[in-house]
$ cat start14.tsv   # TSV, C-alpha atoms
chain	number	residue	atom	x	y	z
A	1	MET	CA	20.95	-2.30	-20.64
A	2	PRO	CA	18.49	-5.08	-19.61
A	3	LYS	CA	14.85	-4.12	-20.16
A	4	ILE	CA	12.03	-5.06	-17.76
A	5	LEU	CA	8.30	-4.56	-18.26
A	6	LEU	CA	6.37	-4.22	-14.97
A	7	THR	CA	2.58	-4.47	-15.03
A	8	VAL	CA	-0.15	-3.09	-12.75
A	9	THR	CA	-3.88	-2.37	-13.12
A	10	ASN	CA	-3.92	1.16	-11.65
A	11	ASP	CA	-3.32	4.38	-13.57
A	12	LEU	CA	0.22	4.86	-12.14
A	13	THR	CA	-0.31	8.37	-10.73
A	14	TYR	CA	-0.62	7.42	-7.05
A	15	ASP	CA	1.39	4.19	-6.98
A	16	GLN	CA	4.30	5.31	-4.84
A	17	ARG	CA	5.45	1.72	-4.31
A	18	MET	CA	5.98	1.09	-8.02
A	19	GLN	CA	7.44	4.54	-8.50
A	20	ARG	CA	10.07	3.66	-5.88
A	21	ILE	CA	10.77	0.23	-7.36
A	22	CYS	CA	11.07	1.43	-10.94
A	23	THR	CA	13.21	4.42	-9.98
A	24	SER	CA	15.59	2.12	-8.10
A	25	LEU	CA	15.79	-0.25	-11.07
A	26	ALA	CA	16.48	2.65	-13.44
A	27	ASN	CA	19.17	4.05	-11.15
A	28	ALA	CA	20.80	0.61	-11.00
A	29	GLY	CA	21.10	0.47	-14.79
A	30	TYR	CA	17.90	-1.29	-15.88
A	31	ASP	CA	15.57	0.00	-18.58
A	32	ALA	CA	12.29	-0.25	-16.66
A	33	ASP	CA	8.86	0.30	-18.19
A	34	LEU	CA	5.82	0.54	-15.88
A	35	ILE	CA	2.53	-0.37	-17.56
A	36	GLY	CA	-0.89	0.53	-16.16
A	37	ARG	CA	-4.26	1.68	-17.43
A	38	LYS	CA	-5.73	4.98	-18.52
A	39	LEU	CA	-8.88	6.23	-16.80
A	40	PRO	CA	-11.15	9.09	-17.91
A	41	ASP	CA	-9.88	11.27	-15.06
A	42	SER	CA	-6.23	10.20	-15.17
A	43	LYS	CA	-3.84	13.05	-14.51
A	44	PRO	CA	-0.81	13.71	-16.72
A	45	LEU	CA	2.07	11.48	-15.70
A	46	ARG	CA	4.99	12.98	-13.83
A	47	ASP	CA	8.51	12.59	-15.16
A	48	PHE	CA	10.53	9.72	-13.70
A	49	PRO	CA	13.78	8.03	-14.75
A	50	PHE	CA	11.73	5.13	-16.15
A	51	GLN	CA	9.15	4.85	-18.92
A	52	GLN	CA	5.40	4.75	-18.26
A	53	LYS	CA	2.63	3.39	-20.46
A	54	ARG	CA	-1.14	3.41	-19.94
A	55	LEU	CA	-3.51	1.04	-21.73
A	56	PHE	CA	-7.07	2.19	-22.42
A	57	CYS	CA	-9.97	-0.11	-21.46
A	58	PHE	CA	-13.69	0.24	-22.17
A	59	PHE	CA	-14.62	-1.56	-18.95
A	60	LYS	CA	-13.65	0.18	-15.72
A	61	LYS	CA	-14.21	-2.53	-13.10
A	62	GLY	CA	-15.36	-6.08	-12.48
A	63	LYS	CA	-14.63	-9.31	-14.34
A	64	PHE	CA	-14.99	-7.72	-17.78
A	65	PHE	CA	-12.34	-5.14	-16.90
A	66	TYR	CA	-9.86	-7.80	-15.77
A	67	LEU	CA	-10.56	-9.84	-18.90
A	68	GLU	CA	-10.22	-6.87	-21.24
A	69	TYR	CA	-7.13	-5.53	-19.50
A	70	ASN	CA	-5.30	-8.87	-19.62
A	71	ILE	CA	-6.12	-9.28	-23.32
A	72	ARG	CA	-4.80	-5.80	-24.10
A	73	LEU	CA	-1.81	-6.38	-21.85
A	74	PHE	CA	-1.11	-9.72	-23.54
A	75	PHE	CA	-0.81	-8.16	-26.99
A	76	TYR	CA	1.22	-5.24	-25.70
A	77	LEU	CA	3.69	-7.56	-23.94
A	78	LEU	CA	3.79	-9.88	-26.92
A	79	PHE	CA	5.34	-7.25	-29.19
A	80	ALA	CA	7.12	-4.87	-26.77
A	81	LYS	CA	10.86	-5.10	-26.50
A	82	THR	CA	11.90	-6.67	-23.20
A	83	ASP	CA	14.26	-9.07	-21.47
A	84	ALA	CA	11.93	-9.94	-18.55
A	85	ILE	CA	8.36	-9.37	-17.39
A	86	CYS	CA	7.26	-8.61	-13.84
A	87	ALA	CA	3.59	-9.14	-12.94
A	88	ILE	CA	2.46	-7.18	-9.90
A	89	ASP	CA	-0.29	-9.22	-8.17
A	90	LEU	CA	-2.60	-11.82	-9.66
A	91	ASP	CA	-4.67	-9.37	-11.68
A	92	THR	CA	-1.90	-9.00	-14.28
A	93	ILE	CA	-0.19	-12.38	-14.07
A	94	LEU	CA	-2.17	-14.26	-16.75
A	95	ALA	CA	-1.05	-12.03	-19.61
A	96	ALA	CA	2.50	-11.88	-18.29
A	97	PHE	CA	2.64	-15.66	-17.76
A	98	PHE	CA	1.54	-16.64	-21.26
A	99	VAL	CA	3.72	-14.04	-22.98
A	100	SER	CA	6.74	-15.14	-20.95
A	101	LYS	CA	6.18	-18.72	-22.14
A	102	ILE	CA	5.65	-17.74	-25.78
A	103	ARG	CA	8.66	-15.42	-25.87
A	104	ARG	CA	10.79	-17.47	-23.47
A	105	LYS	CA	11.45	-14.50	-21.23
A	106	PRO	CA	11.93	-14.70	-17.44
A	107	LEU	CA	8.74	-14.08	-15.46
A	108	ILE	CA	8.85	-12.35	-12.08
A	109	TYR	CA	5.94	-12.27	-9.66
A	110	ASP	CA	5.61	-9.32	-7.27
A	111	ALA	CA	2.96	-10.16	-4.66
A	112	HIS	CA	1.99	-6.83	-3.13
A	113	GLU	CA	-0.84	-8.52	-1.21
A	114	TYR	CA	-2.52	-11.87	-0.57
A	115	PHE	CA	-4.81	-11.36	-3.53
A	116	THR	CA	-7.15	-14.31	-2.95
A	117	GLU	CA	-7.70	-13.16	0.65
A	118	VAL	CA	-8.58	-9.48	0.22
A	119	PRO	CA	-12.06	-8.59	1.59
A	120	GLU	CA	-13.51	-7.90	-1.87
A	121	VAL	CA	-12.64	-11.48	-2.89
A	122	VAL	CA	-13.15	-13.38	0.36
A	123	ASP	CA	-16.82	-12.40	0.47
A	124	ARG	CA	-17.38	-13.82	-3.06
A	125	PRO	CA	-16.45	-17.53	-3.01
A	126	ARG	CA	-16.90	-18.14	-6.74
A	127	ILE	CA	-14.68	-15.19	-7.62
A	128	GLN	CA	-12.18	-16.35	-5.02
A	129	ARG	CA	-12.01	-19.80	-6.63
A	130	VAL	CA	-11.27	-18.24	-10.02
A	131	TRP	CA	-8.35	-16.22	-8.66
A	132	GLU	CA	-7.07	-19.23	-6.75
A	133	ARG	CA	-7.06	-21.30	-9.95
A	134	ILE	CA	-5.09	-18.54	-11.66
A	135	ALA	CA	-2.63	-18.54	-8.76
A	136	ARG	CA	-2.18	-22.32	-8.88
A	137	LEU	CA	-1.71	-22.25	-12.65
A	138	THR	CA	0.93	-19.53	-12.67
A	139	ILE	CA	2.82	-19.09	-9.39
A	140	PRO	CA	4.28	-22.64	-9.13
A	141	ARG	CA	5.66	-22.13	-12.66
A	142	THR	CA	7.16	-18.74	-11.84
A	143	PRO	CA	10.77	-19.17	-10.67
A	144	TYR	CA	11.33	-15.62	-9.43
A	145	ALA	CA	9.06	-14.05	-6.81
A	146	TYR	CA	9.04	-11.57	-3.96
A	147	THR	CA	6.52	-10.10	-1.54
A	148	VAL	CA	6.25	-7.41	1.13
A	149	CYS	CA	6.60	-9.28	4.44
A	150	GLU	CA	7.83	-12.50	6.01
A	151	SER	CA	4.38	-13.86	6.87
A	152	LEU	CA	3.19	-13.72	3.27
A	153	ALA	CA	6.46	-15.18	1.98
A	154	GLU	CA	6.04	-18.22	4.24
A	155	ILE	CA	2.39	-18.72	3.25
A	156	PHE	CA	3.08	-18.43	-0.48
A	157	GLU	CA	6.01	-20.84	-0.32
A	158	GLN	CA	3.86	-23.41	1.50
A	159	GLN	CA	0.95	-23.02	-0.92
A	160	TYR	CA	2.72	-22.81	-4.25
A	161	GLY	CA	6.19	-24.28	-3.74
A	162	THR	CA	7.90	-21.15	-5.07
A	163	ALA	CA	10.53	-19.38	-2.96
A	164	PHE	CA	9.64	-15.75	-2.19
A	165	GLU	CA	12.10	-13.02	-1.30
A	166	VAL	CA	10.99	-10.31	1.14
A	167	ILE	CA	11.25	-6.69	-0.05
A	168	ARG	CA	9.28	-4.43	2.25
A	169	ASN	CA	7.29	-1.47	1.00
A	170	ALA	CA	9.26	0.95	3.14
A	171	PRO	CA	9.54	4.72	2.61
A	172	LYS	CA	12.72	6.56	1.78
A	173	LYS	CA	14.68	7.88	4.72
A	174	ARG	CA	13.53	11.34	5.71
A	175	GLU	CA	16.61	13.48	6.07
A	176	THR	CA	15.01	16.62	7.50
A	177	VAL	CA	11.56	17.49	8.74
A	178	ASP	CA	10.38	21.07	8.70
A	179	ASP	CA	6.71	21.01	9.54
A	180	GLY	CA	6.42	23.75	12.14
A	181	ARG	CA	5.80	21.25	14.92
A	182	GLU	CA	5.93	22.25	18.56
A	183	THR	CA	8.20	19.90	20.51
A	184	ALA	CA	9.03	21.71	23.72
A	185	ASP	CA	7.46	20.11	26.80
A	186	GLY	CA	4.72	18.24	25.01
A	187	GLY	CA	5.90	16.43	21.92
A	188	ARG	CA	4.34	17.23	18.58
A	189	TRP	CA	0.94	18.94	18.66
A	190	THR	CA	0.50	19.95	15.05
A	191	ARG	CA	-1.90	22.80	14.32
A	192	ASP	CA	-4.45	22.64	11.55
A	193	GLU	CA	-4.18	25.93	9.66
A	194	GLY	CA	-3.61	27.79	12.91
A	195	ARG	CA	-6.97	26.86	14.40
A	196	GLY	CA	-5.52	24.95	17.34
A	197	GLU	CA	-6.76	21.43	16.48
A	198	VAL	CA	-4.48	18.41	16.28
A	199	ILE	CA	-4.60	16.20	13.19
A	200	ILE	CA	-5.56	12.54	13.13
A	201	LEU	CA	-4.55	11.03	9.80
A	202	TYR	CA	-5.73	8.13	7.70
A	203	GLN	CA	-3.99	7.73	4.35
A	204	GLY	CA	-4.98	5.12	1.81
A	205	ALA	CA	-7.96	3.78	-0.10
A	206	LEU	CA	-11.43	4.47	1.29
A	207	ASN	CA	-12.41	0.83	0.95
A	208	GLU	CA	-14.06	-1.88	2.97
A	209	GLY	CA	-12.30	-3.23	6.03
A	210	ARG	CA	-10.02	-0.22	6.68
A	211	GLY	CA	-11.63	0.88	9.97
A	212	ILE	CA	-12.64	4.21	8.47
A	213	GLU	CA	-16.24	3.99	9.69
A	214	GLN	CA	-15.02	3.47	13.27
A	215	SER	CA	-12.59	6.37	12.87
A	216	ILE	CA	-15.38	8.71	11.79
A	217	GLU	CA	-17.62	7.47	14.62
A	218	ALA	CA	-14.76	8.14	17.07
A	219	MET	CA	-14.86	11.81	16.16
A	220	CYS	CA	-18.22	12.08	17.93
A	221	GLU	CA	-16.23	11.74	21.16
A	222	ILE	CA	-13.16	13.74	20.17
A	223	ASP	CA	-13.81	17.44	19.77
A	224	ASN	CA	-10.26	18.78	19.98
A	225	ALA	CA	-8.93	17.28	16.75
A	226	ILE	CA	-9.51	17.04	13.00
A	227	LEU	CA	-9.62	13.71	11.15
A	228	TRP	CA	-7.96	13.87	7.75
A	229	LEU	CA	-8.94	11.16	5.27
A	230	VAL	CA	-6.47	11.10	2.40
A	231	GLY	CA	-7.56	9.04	-0.60
A	232	GLU	CA	-10.70	7.86	-2.34
A	233	GLY	CA	-12.28	4.48	-2.94
A	234	ASP	CA	-15.39	2.33	-3.14
A	235	LEU	CA	-16.82	3.87	0.06
A	236	SER	CA	-16.04	7.52	-0.70
A	237	GLN	CA	-19.65	8.72	-0.85
A	238	GLU	CA	-20.89	6.36	1.85
A	239	LEU	CA	-18.28	7.70	4.29
A	240	ARG	CA	-19.14	11.30	3.47
A	241	ASP	CA	-22.79	10.46	4.15
A	242	LEU	CA	-21.82	8.90	7.47
A	243	ALA	CA	-19.93	12.03	8.54
A	244	GLU	CA	-23.01	14.12	7.75
A	245	LYS	CA	-25.34	11.72	9.54
A	246	LEU	CA	-23.19	11.83	12.68
A	247	GLU	CA	-22.85	15.62	12.39
A	248	VAL	CA	-19.06	15.56	12.49
A	249	THR	CA	-18.35	17.22	9.14
A	250	ASP	CA	-16.61	20.03	11.02
A	251	ARG	CA	-14.14	17.45	12.39
A	252	VAL	CA	-13.75	15.13	9.38
A	253	ARG	CA	-12.02	16.39	6.29
A	254	PHE	CA	-11.87	14.45	3.01
A	255	LEU	CA	-8.68	15.47	1.22
A	256	GLY	CA	-9.20	13.20	-1.80
A	257	TYR	CA	-6.36	11.79	-3.84
A	258	VAL	CA	-2.92	13.11	-2.98
A	259	GLU	CA	0.09	12.36	-5.16
A	260	PRO	CA	3.01	10.56	-3.44
A	261	ALA	CA	5.34	13.56	-3.50
A	262	ASP	CA	2.71	15.70	-1.77
A	263	LEU	CA	1.82	12.94	0.68
A	264	GLN	CA	5.41	12.91	1.93
A	265	GLN	CA	4.94	16.53	2.97
A	266	LEU	CA	1.48	15.97	4.42
A	267	THR	CA	2.12	12.94	6.67
A	268	PRO	CA	4.52	14.67	9.12
A	269	GLN	CA	1.83	17.27	9.83
A	270	ALA	CA	-0.23	14.65	11.65
A	271	THR	CA	-0.29	14.11	15.39
A	272	VAL	CA	-1.71	10.58	15.26
A	273	GLY	CA	-1.80	8.09	12.39
A	274	LEU	CA	-4.48	5.44	11.89
A	275	ASN	CA	-4.01	1.98	10.38
A	276	LEU	CA	-7.09	0.02	11.47
A	277	LEU	CA	-7.57	-3.00	9.24
A	278	GLU	CA	-10.43	-5.34	9.99
A	279	ASN	CA	-9.63	-9.04	10.12
A	280	LYS	CA	-11.61	-9.71	6.94
A	281	GLY	CA	-9.34	-12.11	5.15
A	282	LEU	CA	-5.73	-13.16	5.59
A	283	SER	CA	-4.41	-10.42	3.30
A	284	TYR	CA	-5.16	-7.77	5.90
A	285	TYR	CA	-4.25	-9.98	8.85
A	286	TYR	CA	-0.75	-10.71	7.54
A	287	SER	CA	-0.12	-7.33	5.94
A	288	LEU	CA	2.69	-4.93	6.69
A	289	SER	CA	0.92	-1.78	5.62
A	290	ASN	CA	3.01	0.90	3.94
A	291	LYS	CA	1.12	3.57	5.89
A	292	PHE	CA	2.37	2.04	9.16
A	293	LEU	CA	5.97	2.40	7.97
A	294	ASP	CA	5.22	5.89	6.60
A	295	TYR	CA	4.01	6.98	10.04
A	296	ILE	CA	7.19	5.62	11.62
A	297	GLN	CA	9.40	7.45	9.14
A	298	ALA	CA	7.50	10.70	9.70
A	299	GLY	CA	7.75	10.33	13.50
A	300	VAL	CA	3.98	10.06	13.88
A	301	PRO	CA	2.73	7.77	16.70
A	302	SER	CA	0.02	5.55	15.27
A	303	ILE	CA	-2.78	3.19	16.24
A	304	ASN	CA	-2.80	-0.22	14.57
A	305	MET	CA	-4.41	-3.60	14.89
A	306	ASN	CA	-2.39	-6.19	16.78
A	307	PHE	CA	-1.66	-8.29	13.70
A	308	PRO	CA	1.51	-10.41	13.31
A	309	GLU	CA	3.70	-8.12	11.18
A	310	VAL	CA	2.84	-5.03	13.23
A	311	GLN	CA	3.39	-6.97	16.44
A	312	LYS	CA	6.91	-7.99	15.35
A	313	ILE	CA	7.94	-4.36	14.98
A	314	VAL	CA	6.11	-3.06	18.06
A	315	GLU	CA	7.76	-5.72	20.23
A	316	GLN	CA	11.14	-4.37	19.10
A	317	TYR	CA	10.31	-0.68	18.87
A	318	GLU	CA	7.31	0.82	20.71
A	319	VAL	CA	6.26	2.93	17.74
A	320	ALA	CA	2.50	2.51	18.09
A	321	LEU	CA	-0.47	1.51	20.18
A	322	THR	CA	-2.22	-1.67	19.09
A	323	LEU	CA	-5.82	-2.84	19.42
A	324	ASP	CA	-6.97	-6.44	19.80
A	325	ARG	CA	-10.44	-5.62	18.47
A	326	LEU	CA	-11.70	-2.99	16.07
A	327	GLU	CA	-14.43	-1.25	18.08
A	328	THR	CA	-15.19	2.46	18.14
A	329	PRO	CA	-14.82	2.86	21.96
A	330	LEU	CA	-11.36	1.27	21.76
A	331	VAL	CA	-10.37	3.62	18.93
A	332	VAL	CA	-11.58	6.60	20.97
A	333	ALA	CA	-9.65	5.44	24.04
A	334	ALA	CA	-6.43	4.94	22.08
A	335	ILE	CA	-6.62	8.36	20.42
A	336	GLN	CA	-7.37	10.09	23.71
A	337	ARG	CA	-4.50	8.25	25.37
A	338	LEU	CA	-2.04	9.55	22.79
A	339	LEU	CA	-3.43	13.07	22.97
A	340	ASN	CA	-3.49	13.24	26.77
A	341	ASP	CA	-0.41	11.26	27.85
A	342	LYS	CA	2.48	13.45	26.72
A	343	LYS	CA	5.11	11.23	28.35
A	344	LEU	CA	3.86	8.23	26.38
A	345	TYR	CA	3.61	10.29	23.22
A	346	ASN	CA	7.21	11.49	23.52
A	347	HIS	CA	8.41	7.96	24.20
A	348	ILE	CA	6.70	6.64	21.07
A	349	GLN	CA	8.19	9.47	19.02
A	350	LEU	CA	11.67	8.51	20.20
A	351	GLU	CA	11.00	4.88	19.31
A	352	CYS	CA	9.85	5.99	15.85
A	353	LYS	CA	13.14	7.79	15.44
A	354	LYS	CA	15.04	4.55	16.16
A	355	ALA	CA	12.88	2.38	13.91
A	356	ALA	CA	13.05	4.99	11.15
A	357	GLN	CA	16.73	4.10	10.67
A	358	ILE	CA	15.84	0.45	10.01
A	359	TYR	CA	12.60	0.36	8.03
A	360	ILE	CA	13.67	2.45	5.05
A	361	TRP	CA	13.73	1.98	1.31
A	362	GLU	CA	17.51	2.39	1.22
A	363	VAL	CA	17.75	-1.00	2.97
A	364	GLU	CA	15.05	-2.69	0.89
A	365	GLU	CA	16.46	-1.24	-2.32
A	366	LYS	CA	19.62	-3.31	-1.91
A	367	ARG	CA	17.53	-6.47	-1.65
A	368	LEU	CA	15.55	-5.43	-4.72
A	369	ILE	CA	18.64	-4.88	-6.86
A	370	ASP	CA	20.27	-8.11	-5.62
A	371	PHE	CA	17.08	-9.95	-6.60
A	372	TYR	CA	16.95	-8.50	-10.12
A	373	GLN	CA	20.68	-9.05	-10.60
A	374	ARG	CA	20.05	-12.77	-10.15
A	375	VAL	CA	17.32	-12.65	-12.81
A	376	LEU	CA	19.03	-10.27	-15.24
A	377	PRO	CA	22.69	-9.54	-14.44
A	378	ILE	CA	23.88	-6.17	-15.67

$ encode --input "start14.tsv" --output "structure tokens"
Amino acid sequence: MPKILLTVTNDLTYDQRMQRICTSLANAGYDADLIGRKLPDSKPLRDFPFQQKRLFCFFKKGKFFYLEYNIRLFFYLLFAKTDAICAIDLDTILAAFFVSKIRRKPLIYDAHEYFTEVPEVVDRPRIQRVWERIARLTIPRTPYAYTVCESLAEIFEQQYGTAFEVIRNAPKKRETVDDGRETADGGRWTRDEGRGEVIILYQGALNEGRGIEQSIEAMCEIDNAILWLVGEGDLSQELRDLAEKLEVTDRVRFLGYVEPADLQQLTPQATVGLNLLENKGLSYYYSLSNKFLDYIQAGVPSINMNFPEVQKIVEQYEVALTLDRLETPLVVAAIQRLLNDKKLYNHIQLECKKAAQIYIWEVEEKRLIDFYQRVLPI
């Protein structure tokens, strides 16, 4: 049974993408080990058909964390039994790259995002140059690579000369939905704990450039709905302070971290989904956000920015409204349009149902296994 070590910098608990990938590899006959880090508040790991390992670090963020983590990861990979190593994003590739050379094991690069173009890096030119040097050192010398959308695959191939496969971060097909929705006459108008409000949902990290501030500001104009914010991040406290300042705490609910299995039950309860990325770096601009595909699979009409990967799908299936600019009045108008135009809402739901047969993990899983079979035949 071929063994693969896959490396990330998170604590594994909420990484539904890697849980899907590793489960698929295990089911296909690979011995997959997912390696992350242990945090002071890390929850016990759930059981999966693959192994999980957390590495402890003294530093929790910043350049010293990345340095410490890659040193610890280097020594772990150096002595762990394996037939191949997969580095997820640039923040784990250095350790994986050098160990793969020393041990003469195949190296795989999984580019979940355009790492040198995320907002946290774009705004810091010196840090950006460091990551770009790491990319130029490692990616051109990595023969096996894949990423999450066509736009990023084309960019990476042009920049680094390495061919990238496309394996989308799509959700599993939802067989049945039992969420108590009301569909007669007016589409889905989900109730929040029986109080009569509809639910507007954002799921993901509470970080810079996600349009969360504009979403909270929009609730000043929308008094017949509740905004659910699922996740935590760098702006967690700042966003809570904003909700208090705007006096919308009765309409904005912070649900905190939600594990992937629970999120699958929560998403279909929403009436409207939000995916409002600011154009702060090419990573966001060319992204195909997993939350966008999650909304489609759950039959939830959503509001997104009119970026290339979203546009490709919306041109084929009218599963969402799109905005050309991220401004609070435009967010308000789009939400109100979905809540007030029941004919449009029903139409988008039907389009979601069609697209939900296409953008599913069952399709992407085949590409994933074909890819790994070329690296490590079973």

$ atom_distance --input "start14.tsv" --atom1 "CA of Asn70 in chain A" --atom2 "CA of Thr7 in chain A"
10.1 Å

$ residues_near_point --input "start14.tsv" --point "(16.4, 1.6, -15.9)" --cutoff "9 Å" --atoms "only C-alpha atoms" --output "ChimeraX atom specification"
/A:1-4,22-33,49-51

$ write_last_selection --input "start14.tsv" --atoms "C-alpha atoms" --output "short mmCIF file (atom, residue, chain, number, x, y, z; two decimals), in the coordinates of the input"
data_model
loop_
_atom_site.label_atom_id
_atom_site.label_comp_id
_atom_site.auth_asym_id
_atom_site.auth_seq_id
_atom_site.Cartn_x
_atom_site.Cartn_y
_atom_site.Cartn_z
CA MET A 1 20.95 -2.30 -20.64
CA PRO A 2 18.49 -5.08 -19.61
CA LYS A 3 14.85 -4.12 -20.16
CA ILE A 4 12.03 -5.06 -17.76
CA CYS A 22 11.07 1.43 -10.94
CA THR A 23 13.21 4.42 -9.98
CA SER A 24 15.59 2.12 -8.10
CA LEU A 25 15.79 -0.25 -11.07
CA ALA A 26 16.48 2.65 -13.44
CA ASN A 27 19.17 4.05 -11.15
CA ALA A 28 20.80 0.61 -11.00
CA GLY A 29 21.10 0.47 -14.79
CA TYR A 30 17.90 -1.29 -15.88
CA ASP A 31 15.57 0.00 -18.58
CA ALA A 32 12.29 -0.25 -16.66
CA ASP A 33 8.86 0.30 -18.19
CA PRO A 49 13.78 8.03 -14.75
CA PHE A 50 11.73 5.13 -16.15
CA GLN A 51 9.15 4.85 -18.92
#

$ residues_around --input "start14.tsv" --residues "Ser42 in chain A" --least-positions-apart "6" --cutoff "10 Å" --atoms "only C-alpha atoms" --output "list in words"
Asn10, Asp11, Leu12, Thr13 and Arg54 of chain A

$ residues_near_point --input "start14.tsv" --point "(6.8, -10.6, -19.6)" --cutoff "12 Å" --atoms "all atoms listed in the file" --output "short mmCIF file (atom, residue, chain, number, x, y, z; two decimals) with C-alpha atoms, in the frame of the given file"
data_model
loop_
_atom_site.label_atom_id
_atom_site.label_comp_id
_atom_site.auth_asym_id
_atom_site.auth_seq_id
_atom_site.Cartn_x
_atom_site.Cartn_y
_atom_site.Cartn_z
CA LYS A 3 14.85 -4.12 -20.16
CA ILE A 4 12.03 -5.06 -17.76
CA LEU A 5 8.30 -4.56 -18.26
CA LEU A 6 6.37 -4.22 -14.97
CA THR A 7 2.58 -4.47 -15.03
CA ASP A 33 8.86 0.30 -18.19
CA LEU A 34 5.82 0.54 -15.88
CA ILE A 35 2.53 -0.37 -17.56
CA LEU A 73 -1.81 -6.38 -21.85
CA PHE A 74 -1.11 -9.72 -23.54
CA PHE A 75 -0.81 -8.16 -26.99
CA TYR A 76 1.22 -5.24 -25.70
CA LEU A 77 3.69 -7.56 -23.94
CA LEU A 78 3.79 -9.88 -26.92
CA PHE A 79 5.34 -7.25 -29.19
CA ALA A 80 7.12 -4.87 -26.77
CA LYS A 81 10.86 -5.10 -26.50
CA THR A 82 11.90 -6.67 -23.20
CA ASP A 83 14.26 -9.07 -21.47
CA ALA A 84 11.93 -9.94 -18.55
CA ILE A 85 8.36 -9.37 -17.39
CA CYS A 86 7.26 -8.61 -13.84
CA ALA A 87 3.59 -9.14 -12.94
CA ILE A 88 2.46 -7.18 -9.90
CA THR A 92 -1.90 -9.00 -14.28
CA ILE A 93 -0.19 -12.38 -14.07
CA LEU A 94 -2.17 -14.26 -16.75
CA ALA A 95 -1.05 -12.03 -19.61
CA ALA A 96 2.50 -11.88 -18.29
CA PHE A 97 2.64 -15.66 -17.76
CA PHE A 98 1.54 -16.64 -21.26
CA VAL A 99 3.72 -14.04 -22.98
CA SER A 100 6.74 -15.14 -20.95
CA LYS A 101 6.18 -18.72 -22.14
CA ILE A 102 5.65 -17.74 -25.78
CA ARG A 103 8.66 -15.42 -25.87
CA ARG A 104 10.79 -17.47 -23.47
CA LYS A 105 11.45 -14.50 -21.23
CA PRO A 106 11.93 -14.70 -17.44
CA LEU A 107 8.74 -14.08 -15.46
CA ILE A 108 8.85 -12.35 -12.08
CA TYR A 109 5.94 -12.27 -9.66
CA THR A 142 7.16 -18.74 -11.84
#

$ closest_atom_pairs --input "start14.tsv" --of "range 118-152 of chain A" --to "range 283-286 of chain A" --cutoff "9 Å" --atoms "all atoms listed in the file" --output "tab-separated table"
residue	atom	partner	partner_atom	distance
A:Val118	CA	A:Ser283	CA	5.3
A:Pro119	CA	A:Ser283	CA	8.0
A:Cys149	CA	A:Tyr286	CA	8.1
A:Glu150	CA	A:Tyr286	CA	8.9
A:Ser151	CA	A:Tyr286	CA	6.1
A:Leu152	CA	A:Tyr286	CA	6.5

$ residues_around --input "start14.tsv" --residues "Tyr14 in chain A" --least-positions-apart "5" --cutoff "9 Å" --atoms "only C-alpha atoms" --output "ChimeraX atom specification"
/A:19,257-260

$ closest_residue --input "start14.tsv" --among "A:Ile222, A:Val198, A:Val331, A:Ile21" --to "Asn169 in chain A" --atoms "all atoms listed in the file"
A:Ile21

$ residues_around --input "start14.tsv" --residues "Gly299 in chain A" --least-positions-apart "5" --cutoff "10 Å" --atoms "only C-alpha atoms" --output "ChimeraX atom specification"
/A:174,177,188,267-273,293-294,319,348-356

$ axis_aligned_box --input "start14.tsv" --around "range 227-242 of chain A" --padding-each-side "3 Å" --output "JSON"
{"center_x": -14.6, "center_y": 8.1, "center_z": 4.0, "size_x": 22.3, "size_y": 17.5, "size_z": 20.3}

$ atom_distance --input "start14.tsv" --atom1 "CA of Glu208 in chain A" --atom2 "CA of Phe64 in chain A"
21.6 Å

$ atom_distance --input "start14.tsv" --atom1 "CA of Asn207 in chain A" --atom2 "CA of Gly256 in chain A"
13.1 Å

$ closest_residue --input "start14.tsv" --among "A:Ala261, A:Ile303, A:Ile369, A:Ala205" --to "Ile335 in chain A" --atoms "all atoms listed in the file"
A:Ile303

$ closest_residue --input "start14.tsv" --among "A:Glu213, A:Asp110, A:Asp15, A:Glu362" --to "Ala153 in chain A" --atoms "only C-alpha atoms"
A:Asp110

$ closest_residue --input "start14.tsv" --among "A:Val8, A:Ile358, A:Val332, A:Leu323" --to "Asn306 in chain A" --atoms "all atoms listed in the file"
A:Leu323

$ residues_around --input "start14.tsv" --residues "Lys63 in chain A" --least-positions-apart "5" --cutoff "10 Å" --atoms "only C-alpha atoms" --output "ChimeraX atom specification"
/A:68-69,127

$ closest_residue --input "start14.tsv" --among "A:Thr249, A:Gln336, A:Thr116, A:Gln128" --to "Phe156 in chain A" --atoms "only C-alpha atoms"
A:Thr116

$ residues_around --input "start14.tsv" --residues "Glu221 in chain A" --least-positions-apart "6" --cutoff "12 Å" --atoms "all atoms listed in the file" --output "count of residues only"
15

$ closest_residue --input "start14.tsv" --among "A:Arg20, A:Lys60, A:Arg168, A:Arg126" --to "Phe292 in chain A" --atoms "all atoms listed in the file"
A:Arg168

$ decode --input "start14.tsv" --residues "range 72-85 of chain A" --atoms "C-alpha atoms" --output "mmCIF file, in the first residue's frame"
data_model
loop_
_atom_site.group_PDB
_atom_site.id
_atom_site.type_symbol
_atom_site.label_atom_id
_atom_site.label_comp_id
_atom_site.auth_asym_id
_atom_site.auth_seq_id
_atom_site.Cartn_x
_atom_site.Cartn_y
_atom_site.Cartn_z
ATOM 1 C CA ARG A 72 10.057 20.541 12.833
ATOM 2 C CA LEU A 73 8.317 19.312 9.695
ATOM 3 C CA PHE A 74 11.684 18.702 8.000
ATOM 4 C CA PHE A 75 12.874 16.355 10.732
ATOM 5 C CA TYR A 76 9.527 14.595 10.943
ATOM 6 C CA LEU A 77 9.452 13.986 7.178
ATOM 7 C CA LEU A 78 13.101 12.979 7.167
ATOM 8 C CA PHE A 79 12.484 9.920 9.334
ATOM 9 C CA ALA A 80 8.798 9.071 8.714
ATOM 10 C CA LYS A 81 8.013 6.145 6.481
ATOM 11 C CA THR A 82 6.664 7.317 3.135
ATOM 12 C CA ASP A 83 6.682 6.802 -0.620
ATOM 13 C CA ALA A 84 5.780 10.404 -1.553
ATOM 14 C CA ILE A 85 5.316 13.812 0.050
#
